[in-house]
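Worksheet: one structure, shown below.
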Amino acid sequence: AKSVARPGFLDFHIFLSHAHLFINEGIVYFRDLSLYGPGKPIYKFPPLYASFLSEAVRNSIPENNIYFSAWLLQTICFVGGIFLCLHTKTRSDDVAEKPIIISCVFAFALCNRFFIENSYRLQLEPYIFLLLSFSVFLLSRNKKIMPGFFIGIAAMLKIYPAFMLIVSLANKKYSHLLIGFCTGCILATLLTVWLLNLYEHIFYAMHVFPELLNEEVSDSRENISIGAMFDIFSSGTQIPAIMLKLVFGISILFACLPMLLKKMQAPEINGTVAIDFAALFMVMLVWMPNFWWNYQILNLLPGIIAIKLIAEKPMSYKMPLATLAIAFFLQTTTTMAPMSLFELELPPKVYVLLRGLIQIFLLISIISLQWKIHSTRKIKA
């Protein structure tokens, strides 16, 4: 009989080994900074997750139980995140049933591949998916502090969710969002200082974090970022890198401009926060230096919100609907198939180019929908 790989066999054992390292030697992070390259098999995240794993090891919980508990928790996060996205308010009045039903069909049609990929790895993205889904769910209901709190907790698992603080531009009382963010970060830090020690936090902040800020684009076939696509055409020159930064700045501007204009013209309007959050979220994902296969679970957040909005008036949003349909169709055919499309083998460069174009399609669909909604709706708070 064929053996079946247990969940987490790709990445989780690496995280668990660092928990054992802390229990045995008192350190979480290796001191050799050359080991912290993109995609390297090493724990290089903030100390929060390692503190939980070290407690499991300290209490002598059997390894199989740890693996199963992590898989079960990620399953709950995955389903919970989808539920929150489906019930995020996408307009000022009560959400109709039709957009929710259509979004349910869309979400669960994509779930299988995303879920399998993350089950193989037991990486941190399902936790981040749930936390940021909580954030946009609460923002859509005019909550001020708690959305920032959940962004702060997510940023203490991996740094990149902190980018979502830009959504405060759309918030009349943006200081509340920042207070919530700082509260989440401080509470998470105090907890991990208690569970681990202060020295590991200092080492991460002074050495590991600066190293990650200078992380280069990986040439691994598992990296499906726009940066990897640009690297194909670099040929040792700096022009593609400059173009990449330029286009990145333009995409942020296009995602932020509707929020800034709305705030100047009618700061009390808050009904478009869901699509604003989705647009910035998509910008964050597309322009990450290294966007690994398992990160695709995060595309569900802007995707579900966009589908809900399109379902309200599908004929009014033809362009976003077309690009979104093309992007997600291509994505679902390549999620678990390295360098292949419809089971046809593709050269590595063609595959990376295809994956980059899929992310661009998603970005175009979300931002065009955002602009369409801002230009046609008059929403009352």
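By order of appearance in the structure tokens: chains A, B, ..., then residues from 1 within every chain, and ligands from 1 in the order shown.
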Quiz item: Contacts of Pro126 of chain A at 6 Å or less, counting only C-alpha atoms, minus same-chain residues fewer than 5 places along, as a ChimeraX atom specification?
Solution: /A:74,77-78
Restrict the selected residues to N, CA, C and O atoms and save them as a short mmCIF file (atom, residue, chain, number, x, y, z; two decimals), in the first residue's frame.
data_model
loop_
_atom_site.label_atom_id
_atom_site.label_comp_id
_atom_site.auth_asym_id
_atom_site.auth_seq_id
_atom_site.Cartn_x
_atom_site.Cartn_y
_atom_site.Cartn_z
N GLN A 74 -5.56 25.00 11.38
CA GLN A 74 -5.50 25.68 10.08
C GLN A 74 -6.77 25.44 9.28
O GLN A 74 -7.21 26.32 8.54
N CYS A 77 -9.22 27.87 10.63
CA CYS A 77 -8.88 29.22 10.14
C CYS A 77 -9.30 29.39 8.69
O CYS A 77 -9.81 30.45 8.29
N PHE A 78 -9.07 28.37 7.89
CA PHE A 78 -9.41 28.42 6.46
C PHE A 78 -10.91 28.59 6.27
O PHE A 78 -11.37 29.50 5.57
#
Which neighbours of Lys318 of chain A fall inside 10 Å, counting only C-alpha atoms, when residues of the same chain fewer than 5 positions from it are skipped, and could you give them as a tab-separated table (two decimals) with N, CA, C and O atoms, in the first residue's frame?
chain	number	residue	atom	x	y	z
A	310	ILE	N	-19.54	42.20	-7.68
A	310	ILE	CA	-19.93	42.00	-9.08
A	310	ILE	C	-21.31	41.37	-9.17
A	310	ILE	O	-22.11	41.68	-10.05
A	313	LYS	N	-24.42	43.74	-9.43
A	313	LYS	CA	-24.76	44.29	-10.74
A	313	LYS	C	-23.75	43.76	-11.77
A	313	LYS	O	-22.86	44.49	-12.20
A	323	THR	N	-11.78	40.02	-16.30
A	323	THR	CA	-10.40	39.80	-15.86
A	323	THR	C	-10.33	38.88	-14.66
A	323	THR	O	-9.43	38.03	-14.56
A	324	LEU	N	-11.30	39.02	-13.75
A	324	LEU	CA	-11.32	38.15	-12.57
A	324	LEU	C	-11.56	36.70	-12.97
A	324	LEU	O	-10.91	35.78	-12.46
A	365	SER	N	-8.29	43.46	-12.17
A	365	SER	CA	-9.72	43.26	-11.93
A	365	SER	C	-10.17	43.91	-10.63
A	365	SER	O	-11.23	44.55	-10.58
A	369	LEU	N	-12.49	47.34	-10.47
A	369	LEU	CA	-13.75	47.28	-9.74
A	369	LEU	C	-13.82	48.36	-8.68
A	369	LEU	O	-14.86	49.01	-8.49
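Residue neighbourhood of segment 353-364 of chain A, excluding near-sequence residues (fewer than 5 positions): A:Ile224, A:Ser225, A:Ile226, A:Met229, A:Met282, A:Val283, A:Val286, A:Thr323, A:Leu324, A:Ala327, A:Leu330, A:Gln331, at 7 Å, using only C-alpha atoms.
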The selected residues should be written to file as a PDB file, in the first residue's frame (atoms: C-alpha atoms).
ATOM      1  CA  ILE A 224       5.389  33.190  -8.661  1.00  0.00           C
ATOM      2  CA  SER A 225       5.801  36.906  -7.887  1.00  0.00           C
ATOM      3  CA  ILE A 226       5.893  39.788 -10.349  1.00  0.00           C
ATOM      4  CA  MET A 229       8.724  37.632 -13.852  1.00  0.00           C
ATOM      5  CA  MET A 282      -4.024  42.613  -3.837  1.00  0.00           C
ATOM      6  CA  VAL A 283      -1.312  45.246  -4.313  1.00  0.00           C
ATOM      7  CA  VAL A 286       1.339  41.093  -6.211  1.00  0.00           C
ATOM      8  CA  THR A 323     -10.400  39.803 -15.864  1.00  0.00           C
ATOM      9  CA  LEU A 324     -11.319  38.155 -12.566  1.00  0.00           C
ATOM     10  CA  ALA A 327      -7.259  35.104 -13.660  1.00  0.00           C
ATOM     11  CA  LEU A 330      -5.813  30.147 -14.909  1.00  0.00           C
ATOM     12  CA  GLN A 331      -4.913  30.084 -11.240  1.00  0.00           C
TER      13      GLN A 331
END
Self-check item: Surrounding residues of Tyr36 of chain A excluding itself and chain neighbours under 6 positions, 10 Å, only C-alpha atoms, as JSON, numbers by chain
Solution: {"A": [29, 30, 42, 43, 44, 208, 209, 211, 212, 215]}
Self-check item: Proximity to Trp293 of chain A - best of A:Ser368, A:Gln123, A:Thr183, A:Ser316, only C-alpha atoms
Solution: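 Checking each candidate against Trp293 of chain A, we get A:Gln123 as the closest.
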Quiz prompt | Between atom CA of Pro289 of chain A and atom CA of Ser218 of chain A - distance in Å to one decimal | solution =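 These two atoms are separated by 7.8 Å.
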Quiz prompt | Residue nearest Leu253 of chain A among A:Ala70, A:Ile326, A:Ile159, A:Ala279 (counting only C-alpha atoms) | solution =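 Distance minimum relative to Leu253 of chain A lands on A:Ala279.
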Practice problem: Would you work out the distance separating atom CA of Ser34 of chain A from atom CA of Ser54 of chain A, expressed in Å to one decimal? | Solution: 24.3 Å
Practice problem: Any chance you could list, as a PyMOL selection string, the residues in segment 284-372 of chain A that come up strand (DSSP E or B) when DSSP is run on the backbone? | Solution: chain A and resi 292+340-341+344-345
